Structure formats: C-alpha cells, structure tokens
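Enquirer: Got a structure for you, model.csv, holding CSV, C-alpha atoms.
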chain,number,residue,atom,x,y,z
A,1,MET,CA,-5.5,17.1,-5.1
A,2,THR,CA,-6.6,18.1,-8.6
A,3,SER,CA,-7.8,14.8,-10.1
A,4,THR,CA,-11.3,14.2,-11.4
A,5,LEU,CA,-13.4,11.7,-9.5
A,6,HIS,CA,-12.7,8.2,-10.7
A,7,SER,CA,-10.0,9.3,-13.1
A,8,LEU,CA,-7.5,6.7,-11.8
A,9,PHE,CA,-9.9,3.8,-12.0
A,10,ARG,CA,-11.0,4.0,-15.6
A,11,LEU,CA,-8.8,1.7,-17.8
A,12,ASN,CA,-10.0,-1.7,-18.7
A,13,GLN,CA,-7.4,-4.5,-18.7
A,14,ALA,CA,-6.4,-4.2,-22.4
A,15,GLU,CA,-6.1,-0.5,-22.2
A,16,ARG,CA,-4.0,-0.8,-19.0
A,17,GLU,CA,-1.6,-3.3,-20.5
A,18,ALA,CA,-1.1,-1.0,-23.5
A,19,ALA,CA,-0.5,2.0,-21.4
A,20,LEU,CA,1.8,0.3,-18.8
A,21,LEU,CA,4.1,-1.8,-21.0
A,22,PRO,CA,6.0,1.1,-22.7
A,23,GLU,CA,6.3,3.1,-19.4
A,24,LEU,CA,7.5,0.1,-17.4
A,25,ALA,CA,9.9,-0.9,-20.1
A,26,ALA,CA,11.3,2.6,-20.1
A,27,LEU,CA,11.6,2.5,-16.4
A,28,THR,CA,13.5,-0.7,-16.5
A,29,ALA,CA,16.0,0.9,-18.9
A,30,HIS,CA,16.2,4.0,-16.7
A,31,HIS,CA,17.0,1.9,-13.6
A,32,ARG,CA,19.5,-0.2,-15.4
A,33,ALA,CA,21.3,3.0,-16.5
A,34,ASN,CA,21.2,4.6,-13.1
A,35,CYS,CA,21.5,1.7,-10.5
A,36,GLN,CA,24.5,-0.5,-11.1
A,37,PRO,CA,23.5,-3.3,-8.7
A,38,TYR,CA,20.1,-3.5,-10.5
A,39,ASP,CA,21.8,-3.7,-13.9
A,40,ARG,CA,24.3,-6.3,-12.7
A,41,ILE,CA,21.4,-8.5,-11.5
A,42,LEU,CA,19.5,-8.2,-14.8
A,43,SER,CA,22.7,-8.8,-16.8
A,44,ALA,CA,23.6,-11.9,-14.8
A,45,LEU,CA,20.1,-13.3,-15.4
A,46,GLY,CA,20.3,-12.6,-19.2
A,47,THR,CA,17.3,-10.2,-19.1
A,48,PRO,CA,16.4,-8.9,-22.5
A,49,ARG,CA,16.0,-5.2,-23.3
A,50,GLU,CA,12.6,-5.6,-25.0
A,51,PHE,CA,9.4,-7.1,-23.6
A,52,GLY,CA,6.2,-8.3,-25.2
A,53,SER,CA,3.9,-8.0,-22.1
A,54,VAL,CA,3.9,-6.6,-18.6
A,55,ALA,CA,4.2,-10.2,-17.3
A,56,GLU,CA,7.6,-10.5,-19.1
A,57,LEU,CA,9.2,-7.6,-17.2
A,58,PRO,CA,11.9,-8.7,-14.7
A,59,TRP,CA,10.8,-8.5,-11.1
A,60,LEU,CA,12.8,-8.0,-7.9
A,61,PRO,CA,11.8,-9.7,-4.7
A,62,VAL,CA,10.9,-7.1,-2.1
A,63,ARG,CA,13.4,-8.7,0.3
A,64,MET,CA,16.2,-7.3,-1.9
A,65,PHE,CA,15.5,-3.9,-0.4
A,66,LYS,CA,16.2,-5.3,3.1
A,67,THR,CA,19.7,-6.5,2.1
A,68,HIS,CA,20.9,-4.2,-0.6
A,69,ASP,CA,21.0,-0.4,-1.2
A,70,LEU,CA,19.2,0.1,-4.4
A,71,ARG,CA,18.7,3.7,-5.6
A,72,SER,CA,18.7,5.3,-9.0
A,73,VAL,CA,19.6,8.8,-7.9
A,74,PRO,CA,22.9,10.2,-6.6
A,75,GLU,CA,23.3,10.0,-2.9
A,76,ASP,CA,23.4,13.8,-2.6
A,77,ARG,CA,19.9,14.0,-4.2
A,78,VAL,CA,18.3,11.7,-1.6
A,79,PHE,CA,15.6,13.8,0.1
A,80,LYS,CA,14.0,11.1,2.3
A,81,VAL,CA,14.8,7.5,3.3
A,82,LEU,CA,11.8,5.3,4.2
A,83,THR,CA,12.3,2.2,6.3
A,84,SER,CA,10.0,-0.8,6.8
A,85,SER,CA,9.5,-2.4,10.1
A,86,GLY,CA,11.9,-5.2,9.4
A,87,THR,CA,9.9,-7.8,11.3
A,88,THR,CA,10.9,-10.7,9.1
A,89,GLY,CA,14.4,-10.9,10.6
A,90,ALA,CA,16.1,-9.8,7.4
A,91,GLY,CA,16.5,-6.2,8.5
A,92,ALA,CA,14.4,-3.2,7.3
A,93,SER,CA,13.8,-2.2,3.7
A,94,ARG,CA,15.4,1.2,2.7
A,95,ILE,CA,13.6,3.2,0.1
A,96,TYR,CA,15.4,6.3,-1.3
A,97,LEU,CA,13.3,9.2,-2.5
A,98,ASP,CA,14.5,12.4,-4.1
A,99,LYS,CA,12.3,15.5,-4.0
A,100,ASP,CA,10.6,14.7,-7.3
A,101,ALA,CA,9.8,11.2,-6.2
A,102,ALA,CA,8.5,12.3,-2.8
A,103,ALA,CA,6.2,14.8,-4.4
A,104,ALA,CA,5.0,12.3,-7.0
A,105,GLN,CA,4.1,9.6,-4.4
A,106,THR,CA,2.1,12.1,-2.4
A,107,ARG,CA,0.3,13.5,-5.5
A,108,MET,CA,-0.6,10.0,-6.9
A,109,LEU,CA,-1.7,8.7,-3.5
A,110,GLY,CA,-4.0,11.7,-3.3
A,111,ALA,CA,-5.3,11.2,-6.8
A,112,THR,CA,-6.1,7.6,-6.0
A,113,LEU,CA,-7.9,8.3,-2.8
A,114,SER,CA,-9.9,11.1,-4.3
A,115,THR,CA,-11.9,8.4,-6.0
A,116,VAL,CA,-13.6,7.7,-2.6
A,117,LEU,CA,-12.8,10.9,-0.7
A,118,GLY,CA,-13.6,13.6,-3.3
A,119,ASN,CA,-11.4,16.6,-3.8
A,120,THR,CA,-12.1,18.4,-0.5
A,121,ARG,CA,-9.9,17.9,2.6
A,122,LEU,CA,-12.1,16.5,5.3
A,123,PRO,CA,-11.8,16.7,9.1
A,124,MET,CA,-9.7,13.7,10.1
A,125,LEU,CA,-9.5,11.2,12.9
A,126,MET,CA,-6.0,9.5,13.0
A,127,VAL,CA,-6.1,6.1,14.8
A,128,ASP,CA,-2.6,6.5,16.0
A,129,THR,CA,-0.4,8.8,18.2
A,130,VAL,CA,1.2,12.0,17.0
A,131,GLY,CA,4.5,10.7,18.2
A,132,ILE,CA,4.7,8.2,15.3
A,133,ILE,CA,5.7,11.0,12.9
A,134,LYS,CA,8.4,12.8,14.9
A,135,ASN,CA,11.4,12.1,12.6
A,136,ARG,CA,10.6,13.7,9.3
A,137,ARG,CA,13.6,12.5,7.3
A,138,SER,CA,13.6,8.8,8.2
A,139,PHE,CA,10.2,7.1,8.8
A,140,SER,CA,9.0,3.7,9.7
A,141,ALA,CA,6.4,2.2,7.4
A,142,ARG,CA,3.7,3.0,10.0
A,143,GLY,CA,5.0,6.6,10.3
A,144,ALA,CA,5.2,7.1,6.6
A,145,GLY,CA,1.6,5.8,6.2
A,146,VAL,CA,0.3,8.1,8.9
A,147,LEU,CA,2.1,11.2,7.6
A,148,GLY,CA,1.2,10.4,4.0
A,149,MET,CA,-2.5,10.1,4.8
A,150,ALA,CA,-2.5,13.2,7.1
A,151,THR,CA,-1.9,15.5,4.1
A,152,PHE,CA,-5.4,14.6,2.8
A,153,GLY,CA,-7.3,15.7,5.9
A,154,ARG,CA,-7.6,18.8,8.2
A,155,ASN,CA,-8.4,19.5,11.8
A,156,HIS,CA,-6.5,16.3,12.7
A,157,VAL,CA,-7.3,14.6,16.0
A,158,TYR,CA,-5.3,11.6,17.1
A,159,VAL,CA,-7.3,8.8,18.8
A,160,LEU,CA,-4.4,7.7,21.0
A,161,ASP,CA,-2.6,9.9,23.6
A,162,GLU,CA,1.1,10.0,24.2
A,163,HIS,CA,0.9,6.8,26.2
A,164,ASP,CA,-0.8,5.0,23.4
A,165,ARG,CA,-4.1,4.8,25.2
A,166,PRO,CA,-7.5,5.8,23.7
A,167,ASP,CA,-8.2,9.5,24.3
A,168,VAL,CA,-12.0,9.1,24.5
A,169,ASP,CA,-12.6,12.8,25.3
A,170,ALA,CA,-10.7,13.9,22.3
A,171,VAL,CA,-12.7,11.6,20.0
A,172,LYS,CA,-16.0,12.8,21.5
A,173,ALA,CA,-14.9,16.4,21.1
A,174,PHE,CA,-14.0,15.7,17.4
A,175,LEU,CA,-17.4,14.1,16.7
A,176,ALA,CA,-19.2,17.0,18.5
A,177,ARG,CA,-17.5,19.4,16.1
A,178,HIS,CA,-17.4,17.4,12.9
A,179,GLY,CA,-19.6,14.3,13.3
A,180,GLY,CA,-22.5,15.9,11.5
A,181,GLU,CA,-20.6,16.2,8.2
A,182,PRO,CA,-18.4,13.8,6.2
A,183,PHE,CA,-15.1,13.1,7.9
A,184,LEU,CA,-12.1,11.0,7.2
A,185,ILE,CA,-10.7,8.2,9.5
A,186,PHE,CA,-7.3,6.5,8.9
A,187,GLY,CA,-5.5,3.8,10.7
A,188,PHE,CA,-4.0,0.3,10.5
A,189,THR,CA,-6.7,-2.3,10.6
A,190,PHE,CA,-5.9,-3.9,14.0
A,191,MET,CA,-5.5,-0.5,15.7
A,192,VAL,CA,-8.8,0.7,14.1
A,193,TRP,CA,-10.6,-2.3,15.5
A,194,LEU,CA,-9.0,-2.2,19.0
A,195,TYR,CA,-8.9,1.6,19.6
A,196,LEU,CA,-11.8,3.0,17.5
A,197,TYR,CA,-14.4,0.3,16.9
A,198,GLU,CA,-14.3,-1.1,20.5
A,199,VAL,CA,-14.3,2.4,22.0
A,200,ALA,CA,-17.1,3.6,19.7
A,201,ARG,CA,-19.2,0.6,20.5
A,202,ASP,CA,-18.7,0.8,24.2
A,203,GLN,CA,-19.3,4.6,24.2
A,204,GLY,CA,-22.2,4.6,21.8
A,205,LEU,CA,-20.4,6.9,19.4
A,206,ASP,CA,-22.0,7.7,16.0
A,207,LEU,CA,-19.5,7.3,13.1
A,208,SER,CA,-22.1,7.2,10.3
A,209,ASN,CA,-20.7,10.2,8.5
A,210,GLY,CA,-17.1,8.8,8.5
A,211,ILE,CA,-15.1,7.4,5.6
A,212,LEU,CA,-12.6,4.9,6.8
A,213,ILE,CA,-9.4,4.1,5.0
A,214,HIS,CA,-7.4,1.3,6.6
A,215,SER,CA,-4.8,-1.4,5.9
A,216,GLY,CA,-2.7,-4.2,7.3
A,217,GLY,CA,-2.9,-6.1,10.6
A,218,TRP,CA,-5.5,-8.7,9.5
A,219,LYS,CA,-3.7,-11.6,11.2
A,220,LYS,CA,-4.4,-10.4,14.7
A,221,LEU,CA,-8.0,-9.9,13.7
A,222,ILE,CA,-8.4,-13.3,12.1
A,223,ASP,CA,-7.1,-14.7,15.4
A,224,ARG,CA,-10.2,-13.0,16.9
A,225,ALA,CA,-12.5,-14.4,14.3
A,226,VAL,CA,-12.9,-11.1,12.6
A,227,ASP,CA,-12.5,-11.2,8.8
A,228,ASN,CA,-13.2,-8.4,6.3
A,229,ALA,CA,-17.0,-9.1,6.1
A,230,GLU,CA,-17.3,-9.2,9.9
A,231,PHE,CA,-15.2,-6.1,10.3
A,232,ARG,CA,-17.6,-4.2,7.9
A,233,ARG,CA,-20.7,-5.7,9.5
A,234,ARG,CA,-19.8,-4.8,13.0
A,235,PHE,CA,-18.8,-1.3,12.2
A,236,ALA,CA,-22.1,-0.7,10.3
A,237,GLU,CA,-24.3,-2.3,13.0
A,238,ASP,CA,-22.6,-0.8,16.1
A,239,THR,CA,-21.3,2.6,14.9
A,240,GLY,CA,-23.2,3.4,11.7
A,241,LEU,CA,-20.0,3.5,9.7
A,242,THR,CA,-20.5,2.0,6.2
A,243,ARG,CA,-18.1,3.8,3.9
A,244,ILE,CA,-15.1,1.6,4.5
A,245,HIS,CA,-12.1,1.0,2.1
A,246,ASN,CA,-9.3,-1.4,2.9
A,247,TYR,CA,-6.2,-1.0,0.8
A,248,TYR,CA,-3.1,-3.0,-0.1
A,249,GLY,CA,0.3,-1.3,-0.4
A,250,MET,CA,3.8,-1.5,0.8
A,251,ILE,CA,6.7,0.9,1.5
A,252,GLU,CA,8.7,-0.6,-1.3
A,253,GLN,CA,6.1,1.0,-3.7
A,254,ILE,CA,5.2,4.0,-1.7
A,255,GLY,CA,2.4,6.1,-3.1
A,256,THR,CA,0.8,3.2,-4.9
A,257,VAL,CA,-2.2,1.7,-3.2
A,258,PHE,CA,-4.7,-1.0,-4.4
A,259,LEU,CA,-8.0,0.2,-3.1
A,260,GLU,CA,-11.1,-1.8,-2.0
A,261,GLY,CA,-14.1,-1.0,-4.1
A,262,PRO,CA,-17.4,0.2,-2.7
A,263,SER,CA,-18.8,-3.3,-2.6
A,264,GLY,CA,-16.1,-4.3,-0.2
A,265,ASP,CA,-15.4,-7.7,-1.9
A,266,ALA,CA,-12.1,-7.0,-3.7
A,267,LEU,CA,-9.2,-4.7,-4.3
A,268,TYR,CA,-8.6,-2.8,-7.6
A,269,CYS,CA,-5.6,-1.3,-9.3
A,270,PRO,CA,-5.2,2.4,-10.1
A,271,ASP,CA,-4.5,3.0,-13.8
A,272,PHE,CA,-0.7,3.4,-13.3
A,273,ALA,CA,-0.4,0.0,-11.6
A,274,ASP,CA,-1.3,-3.6,-11.9
A,275,VAL,CA,-1.0,-7.0,-10.2
A,276,ILE,CA,0.2,-10.4,-11.5
A,277,ILE,CA,-0.4,-13.6,-9.6
A,278,ARG,CA,2.5,-16.1,-10.1
A,279,ASP,CA,2.8,-19.8,-9.6
A,280,PRO,CA,5.3,-20.2,-6.7
A,281,ASP,CA,7.0,-23.1,-8.4
A,282,THR,CA,7.2,-22.1,-12.0
A,283,TRP,CA,6.7,-18.3,-11.7
A,284,ALA,CA,4.3,-18.5,-14.6
A,285,GLU,CA,1.2,-16.2,-14.4
A,286,GLN,CA,-1.7,-17.9,-12.7
A,287,PRO,CA,-5.1,-18.1,-14.3
A,288,ILE,CA,-8.1,-16.3,-12.8
A,289,GLY,CA,-9.2,-18.0,-9.6
A,290,THR,CA,-5.9,-19.7,-8.9
A,291,PRO,CA,-3.9,-18.4,-5.9
A,292,GLY,CA,-0.2,-17.6,-6.1
A,293,VAL,CA,2.4,-15.0,-5.2
A,294,ILE,CA,1.5,-11.4,-5.7
A,295,GLU,CA,3.6,-9.3,-8.1
A,296,VAL,CA,2.9,-5.6,-8.0
A,297,VAL,CA,3.9,-3.2,-10.8
A,298,SER,CA,3.7,0.6,-10.8
A,299,THR,CA,5.0,3.4,-13.0
A,300,LEU,CA,5.6,5.5,-9.9
A,301,PRO,CA,9.1,4.4,-8.6
A,302,ARG,CA,11.7,6.3,-10.4
A,303,SER,CA,14.3,7.1,-7.7
A,304,TYR,CA,14.8,3.4,-7.0
A,305,PRO,CA,14.1,0.2,-9.0
A,306,GLY,CA,10.8,-0.7,-7.3
A,307,HIS,CA,8.6,-0.6,-10.4
A,308,VAL,CA,8.2,-4.5,-10.7
A,309,LEU,CA,8.2,-6.3,-7.3
A,310,LEU,CA,7.5,-9.9,-6.3
A,311,THR,CA,6.0,-9.6,-2.8
A,312,GLU,CA,5.9,-12.2,0.0
A,313,ASP,CA,2.1,-12.2,-0.1
A,314,LEU,CA,-0.3,-14.7,-1.5
A,315,GLY,CA,-3.3,-13.5,-3.5
A,316,VAL,CA,-5.8,-14.4,-6.2
A,317,VAL,CA,-7.5,-12.6,-9.1
A,318,HIS,CA,-11.2,-13.1,-8.9
A,319,GLY,CA,-12.1,-11.5,-12.3
A,320,VAL,CA,-11.2,-8.9,-14.9
A,321,ASP,CA,-13.4,-6.0,-16.0
A,322,ASP,CA,-16.4,-7.4,-14.1
A,323,GLY,CA,-16.4,-5.5,-10.8
A,324,ASP,CA,-17.0,-2.1,-9.2
A,325,TRP,CA,-14.2,-0.6,-11.3
A,326,PRO,CA,-12.4,-1.8,-14.5
A,327,GLY,CA,-9.3,-4.0,-14.5
A,328,LYS,CA,-8.4,-6.9,-12.2
A,329,ARG,CA,-10.2,-7.4,-8.9
A,330,PHE,CA,-8.2,-9.4,-6.4
A,331,SER,CA,-7.8,-10.4,-2.8
A,332,VAL,CA,-4.7,-10.8,-0.6
A,333,LEU,CA,-4.8,-14.2,1.1
A,334,GLY,CA,-2.0,-13.8,3.6
A,335,ARG,CA,1.8,-14.0,3.9
A,336,LEU,CA,3.9,-16.7,2.3
A,337,PRO,CA,5.2,-19.4,4.6
A,338,ARG,CA,8.8,-18.4,5.6
A,339,ALA,CA,10.5,-21.0,3.6
A,340,GLU,CA,8.7,-20.0,0.4
A,341,ALA,CA,9.5,-16.3,1.1
A,342,ARG,CA,13.2,-17.1,1.3
A,343,GLY,CA,12.9,-19.0,-2.0
A,344,CYS,CA,11.8,-15.9,-3.8
A,345,SER,CA,15.0,-14.0,-2.9
A,346,ASP,CA,17.1,-17.1,-3.4
A,347,THR,CA,16.3,-16.8,-7.1
A,348,PHE,CA,18.6,-13.8,-7.1
A,349,SER,CA,21.0,-14.8,-4.4
A,350,THR,CA,23.9,-15.7,-6.6
A,351,VAL,CA,24.0,-12.5,-8.6
A,352,ALA,CA,23.1,-10.4,-5.6
A,353,ASP,CA,26.0,-11.8,-3.5
A,354,ALA,CA,28.3,-10.7,-6.3
A,355,GLN,CA,27.6,-7.0,-5.7
Taking this structure as input, can you express it in the form of structure tokens?

Expert:
Amino acid sequence: MTSTLHSLFRLNQAEREAALLPELAALTAHHRANCQPYDRILSALGTPREFGSVAELPWLPVRMFKTHDLRSVPEDRVFKVLTSSGTTGAGASRIYLDKDAAAAQTRMLGATLSTVLGNTRLPMLMVDTVGIIKNRRSFSARGAGVLGMATFGRNHVYVLDEHDRPDVDAVKAFLARHGGEPFLIFGFTFMVWLYLYEVARDQGLDLSNGILIHSGGWKKLIDRAVDNAEFRRRFAEDTGLTRIHNYYGMIEQIGTVFLEGPSGDALYCPDFADVIIRDPDTWAEQPIGTPGVIEVVSTLPRSYPGHVLLTEDLGVVHGVDDGDWPGKRFSVLGRLPRAEARGCSDTFSTVADAQ
C-alpha cells in the first residue's frame, strides 16, 4: 500500500462529479464495445452516448449478474471468477476478473483502508475460519472478503477453529503477543458480535488497541436489538475497542468500499466512487434526507460492466460536504422488499431475455 493517508477521501462533491463523469462515460463506451449483451441492453433502451451528469449514466440492476454472464474481457483472459452467496433465490452473481482487474481491486481496497489503518501491515485477527479461502480461483463473497482483507495484515490468527467454534486459546495467545500495539480485526458484523464480542466480554479480553473493519449481517443483530450505536457502545464498554469502521460494499463492485467515518454516524465514498439514491417509482434522484434505492458507481470495474449498479438496498443521503470527510455521507437502511427488488430487474427483462 503506497497511498498517502486520507488521499482517497479528499474530493468535495463538485470535484468528485467533475472527475467521475468523464471516466464513467469512457467506461460505459468501453463496456459497450467489449460486452455484447451490455451493448444490446443499452441499445434496446435507447441509451445515448453522451451524458451531462453521473446521475444520467445507465445503470444495471445487480441481479443481472445472477442471471447473465457479463464480461468485457475474452474468456481466455479470465483470471478469477467471484461468486455471491446467491441467497435471494436467483442464483449467484458471477464476476469475471482478469489479472489487471484483480490487481486493481486489491490495490484500491488497500488505498481506501489505509485512511484508517495507515500504511503499515498490522497483526491481524480474522473473525472466520481458514477453511473459507480454500479455493483460490472461485470464491464466495465471504471468502473473497476474507482473502482480500487478509492481504492488509500479518501474523494472521483465525478466531474460529476448523469446526467453526471460537478458539479462545488462539485469541488469548494473539493478544498476549500483539495486544499491546495496534492490531487489525476483520469480520462480518454478526460473526464479529457472536464470536469475538461475546467471547471477549465473557473472557475479560482487552481489545483496546484493535482497529475493527466489519460489514454485513445487521439483520440478525437488529433481531437482537443491537444497532450500530449499540454495537459500538458495547464494544467500547466491555472490551475497550473504540476504533470501529463499518463498510458497505458488494461483490459486484469488488474492491470498492464505502467506509464509515471516525464519528461512526455515516458512510463515505472514496474519490473514485459515489452513491445516488433513487426514487423506487420514478428512478429520479432523491433529495437529501429522502430514502430510496441505492445506486453505486465506481471507476474500478473494467473487466465487466459493473461501474454503475442499482442495488437491492435502501439508503439515504444525510448531507453533502458536511461530515468527517468530503462528499456524500449516507446510511444503508436495509434490503428492498422482495417484490420491489424484482421490479428493478424487470425494467430490463425484455431486452435481457433477448440475449
């Protein structure tokens, strides 16, 4: 990791728009030229070739990657195929990376996280089991997340044993060696709560020098009456851990993460990405403070047309250029109801079925 601290959270919204629009327009042209299904979709929709704003760029529903092979590189150049969990019943997303794309997503993820981690690899607790990363060519979303984050730490210790049970002795040994200096913790939110917080609380473990990066799994915690504020409060009070950063990301835009600021009250976009909140009925951009469907844009996806995606998540922008970092500060409110999620992809059903 070679980025300067905070270098990817520096652009205000006007500067971001000016920088992103030409790059994203060029990417749209690139994918139209190199991915025939994508070009057929845009042609059938009458999509123009020039755009006046980022919000005018054509989006794809993320569900398209569950039902169609969309890649902008020849098959013989595919280096790695990432797959989502496929829990929605529509199958698993398939994301195709060539070597350049795989290297770029790792590099930009590292540059983003260096904002809160610095540029030194820290000793690392992985709140998972080493078995999750066995297949190095084809990963689940969880495995891709674990492997991707592992590259930013050293002296890795996995919190779970091969039977997916907390290895308390391993965690205690890690803290005995590294607990007196900054160390990195990574895991998916529900697993972090269940297998690290509860163990640390019950065992009286000191995590005060840790930096926790976590994501996903909030629904199970909400069912336990644990929201983000409670999550942070309990970790701080019971384990001493205060440097906590949630992030929002998806395998369909691998390498792009929207990171929680130090205050813990919102997510922020790195300079090569942005979010747009859309009205679920009209698809117009929602004003600040009005919830809608989250669209994510990133200049990173080049091996597949994932640069402008309509997600199946609800979110809201709280403000612009008025938070911990410049740009939009926003929150994810949850998943779309199933019927609305289907409606997003139905927008494209006629042209997609023609492929």

Enquirer: Tell me which protein, DNA and RNA residues are within 9 Å of Thr242 of chain A, counting only C-alpha atoms, leaving out same-chain ones fewer than 5 positions away, and put them as a list in words.

Expert: Leu207, Ser208, Asn209, Gly210, Ile211, Leu212, Arg232, Arg233, Phe235, Ala236 and Glu237 of chain A

Enquirer: Dump as a tab-separated table the rows for residues of segment 235-343 of chain A within 10 Å of segment 33-37 of chain A: closest atom pair and distance in Å with one decimal, all atoms listed in the file counted, ordered by chain and rising residue number.

Expert:
residue	atom	partner	partner_atom	distance
A:Ser303	CA	A:Asn34	CA	9.1
A:Tyr304	CA	A:Cys35	CA	7.7
A:Pro305	CA	A:Cys35	CA	7.7

Enquirer: Tell me which protein, DNA and RNA residues are within 9 Å of Asn246 of chain A, counting all atoms listed in the file, leaving out same-chain ones fewer than 5 positions away, and put them as a list of chain:residue names.

Expert: A:Thr189, A:Leu212, A:Ile213, A:His214, A:Ser215, A:Gly216, A:Asn228, A:Phe258, A:Leu259, A:Glu260, A:Gly261, A:Gly264, A:Leu267

Enquirer: Write out as an NGL selection string which residues come within 10 Å of Gln253 of chain A when counting all atoms listed in the file, dropping same-chain ones fewer than 5 positions away.

Expert: :A and (62 or 95 or 105 or 296-301 or 304-309)

Enquirer: Just C-alpha atoms for this one: save the residues we selected as a tab-separated table (two decimals), in the frame of the given file.

Expert:
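Below you can see out-v1.tsv, which holds the result:
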chain	number	residue	atom	x	y	z
A	62	VAL	CA	10.90	-7.10	-2.10
A	95	ILE	CA	13.60	3.20	0.10
A	105	GLN	CA	4.10	9.60	-4.40
A	296	VAL	CA	2.90	-5.60	-8.00
A	297	VAL	CA	3.90	-3.20	-10.80
A	298	SER	CA	3.70	0.60	-10.80
A	299	THR	CA	5.00	3.40	-13.00
A	300	LEU	CA	5.60	5.50	-9.90
A	301	PRO	CA	9.10	4.40	-8.60
A	304	TYR	CA	14.80	3.40	-7.00
A	305	PRO	CA	14.10	0.20	-9.00
A	306	GLY	CA	10.80	-0.70	-7.30
A	307	HIS	CA	8.60	-0.60	-10.40
A	308	VAL	CA	8.20	-4.50	-10.70
A	309	LEU	CA	8.20	-6.30	-7.30

Enquirer: Measuring between only C-alpha atoms, which one of A:Leu8, A:Arg329, A:Trp283, A:Leu310 shows the shortest distance to Val116 of chain A?

Expert: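 Closest residue, counting only C-alpha atoms: A:Leu8.
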
Enquirer: Between atom CA of Lys328 of chain A and atom CA of Ile294 of chain A, what is the spacing in Å?

Expert: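 That distance, rounded to one decimal, is 12.7 Å.
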
Enquirer: Would you work out the distance separating atom CA of Phe79 of chain A from atom CA of Met108 of chain A, expressed in Å to one decimal?

Expert: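 Those two atoms sit 18.1 Å apart.
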
Enquirer: Which distance in Å separates atom CA of Tyr38 of chain A and atom CA of Leu70 of chain A, to one decimal?

Expert: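 Distance reported for this atom pair: 7.1 Å.
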
Enquirer: Just give me the residues with any atom within 9 Å of (7.3, 1.7, -1.1), file coordinates, counting all atoms listed in the file, written as a list of chain:residue names.

Expert: A:Leu82, A:Thr83, A:Ser84, A:Ser93, A:Arg94, A:Ile95, A:Ala141, A:Gly249, A:Met250, A:Ile251, A:Glu252, A:Gln253, A:Ile254, A:Gly255, A:Thr256, A:Pro301, A:Gly306

Enquirer: Go through segment 179-221 of chain A and flag each residue having an atom no more than 12 Å from segment 151-158 of chain A; for those, report the closest pair of atoms plus their distance in Å to one decimal, using all atoms listed in the file, ordered by chain and rising number, as a Markdown table.

Expert:
| residue | atom | partner | partner_atom | distance |
| --- | --- | --- | --- | --- |
| A:Pro182 | CA | A:Gly153 | CA | 11.3 |
| A:Phe183 | CA | A:Gly153 | CA | 8.5 |
| A:Leu184 | CA | A:Gly153 | CA | 6.8 |
| A:Ile185 | CA | A:Gly153 | CA | 9.0 |
| A:Phe186 | CA | A:Gly153 | CA | 9.7 |
| A:Gly187 | CA | A:Tyr158 | CA | 10.1 |
| A:Val192 | CA | A:Tyr158 | CA | 11.8 |
| A:Tyr195 | CA | A:Tyr158 | CA | 10.9 |
| A:Leu196 | CA | A:Tyr158 | CA | 10.8 |
| A:Ile211 | CA | A:Gly153 | CA | 11.4 |
| A:Ile213 | CA | A:Phe152 | CA | 11.4 |

Enquirer: Can those selected residues be exported to a file as a PDB file, keeping the file's coordinate frame so that it contains C-alpha atoms?

Expert:
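Printed below is part_38.pdb as written:
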ATOM      1  CA  PRO A 182     -18.400  13.800   6.200  1.00  0.00           C
ATOM      2  CA  PHE A 183     -15.100  13.100   7.900  1.00  0.00           C
ATOM      3  CA  LEU A 184     -12.100  11.000   7.200  1.00  0.00           C
ATOM      4  CA  ILE A 185     -10.700   8.200   9.500  1.00  0.00           C
ATOM      5  CA  PHE A 186      -7.300   6.500   8.900  1.00  0.00           C
ATOM      6  CA  GLY A 187      -5.500   3.800  10.700  1.00  0.00           C
ATOM      7  CA  VAL A 192      -8.800   0.700  14.100  1.00  0.00           C
ATOM      8  CA  TYR A 195      -8.900   1.600  19.600  1.00  0.00           C
ATOM      9  CA  LEU A 196     -11.800   3.000  17.500  1.00  0.00           C
ATOM     10  CA  ILE A 211     -15.100   7.400   5.600  1.00  0.00           C
ATOM     11  CA  ILE A 213      -9.400   4.100   5.000  1.00  0.00           C
TER      12      ILE A 213
END

Enquirer: Determine, counting only C-alpha atoms, which protein, DNA and RNA residues have an atom within 12 Å of an atom of Arg278 of chain A; residues of the same chain fewer than 2 positions away are not included. Present the result as a count of residues only.

Expert: 32

Enquirer: Of the candidates A:Phe51, A:Trp325, A:Phe330, A:Tyr247, which shows the shortest atom-to-atom distance to Ile277 of chain A, using only C-alpha atoms?

Expert: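 Residue with the minimum atom-to-atom distance to Ile277 of chain A: A:Phe330.
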
Enquirer: Please identify all polymer residues within 10 Å of Trp193 of chain A, counting only C-alpha atoms, omitting same-chain residues fewer than 4 positions from it, and present them as a CSV table (one decimal) with C-alpha atoms, in the frame of the given file.

Expert:
chain,number,residue,atom,x,y,z
A,127,VAL,CA,-6.1,6.1,14.8
A,187,GLY,CA,-5.5,3.8,10.7
A,188,PHE,CA,-4.0,0.3,10.5
A,189,THR,CA,-6.7,-2.3,10.6
A,197,TYR,CA,-14.4,0.3,16.9
A,198,GLU,CA,-14.3,-1.1,20.5
A,199,VAL,CA,-14.3,2.4,22.0
A,200,ALA,CA,-17.1,3.6,19.7
A,217,GLY,CA,-2.9,-6.1,10.6
A,221,LEU,CA,-8.0,-9.9,13.7
A,226,VAL,CA,-12.9,-11.1,12.6
A,231,PHE,CA,-15.2,-6.1,10.3
A,234,ARG,CA,-19.8,-4.8,13.0
A,235,PHE,CA,-18.8,-1.3,12.2

Enquirer: For Leu42 of chain A, which residue among A:Ser263, A:Ala14, A:Thr28, A:Val81 is the nearest when counting only C-alpha atoms?

Expert: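 Among the listed residues, A:Thr28 lies closest to Leu42 of chain A.
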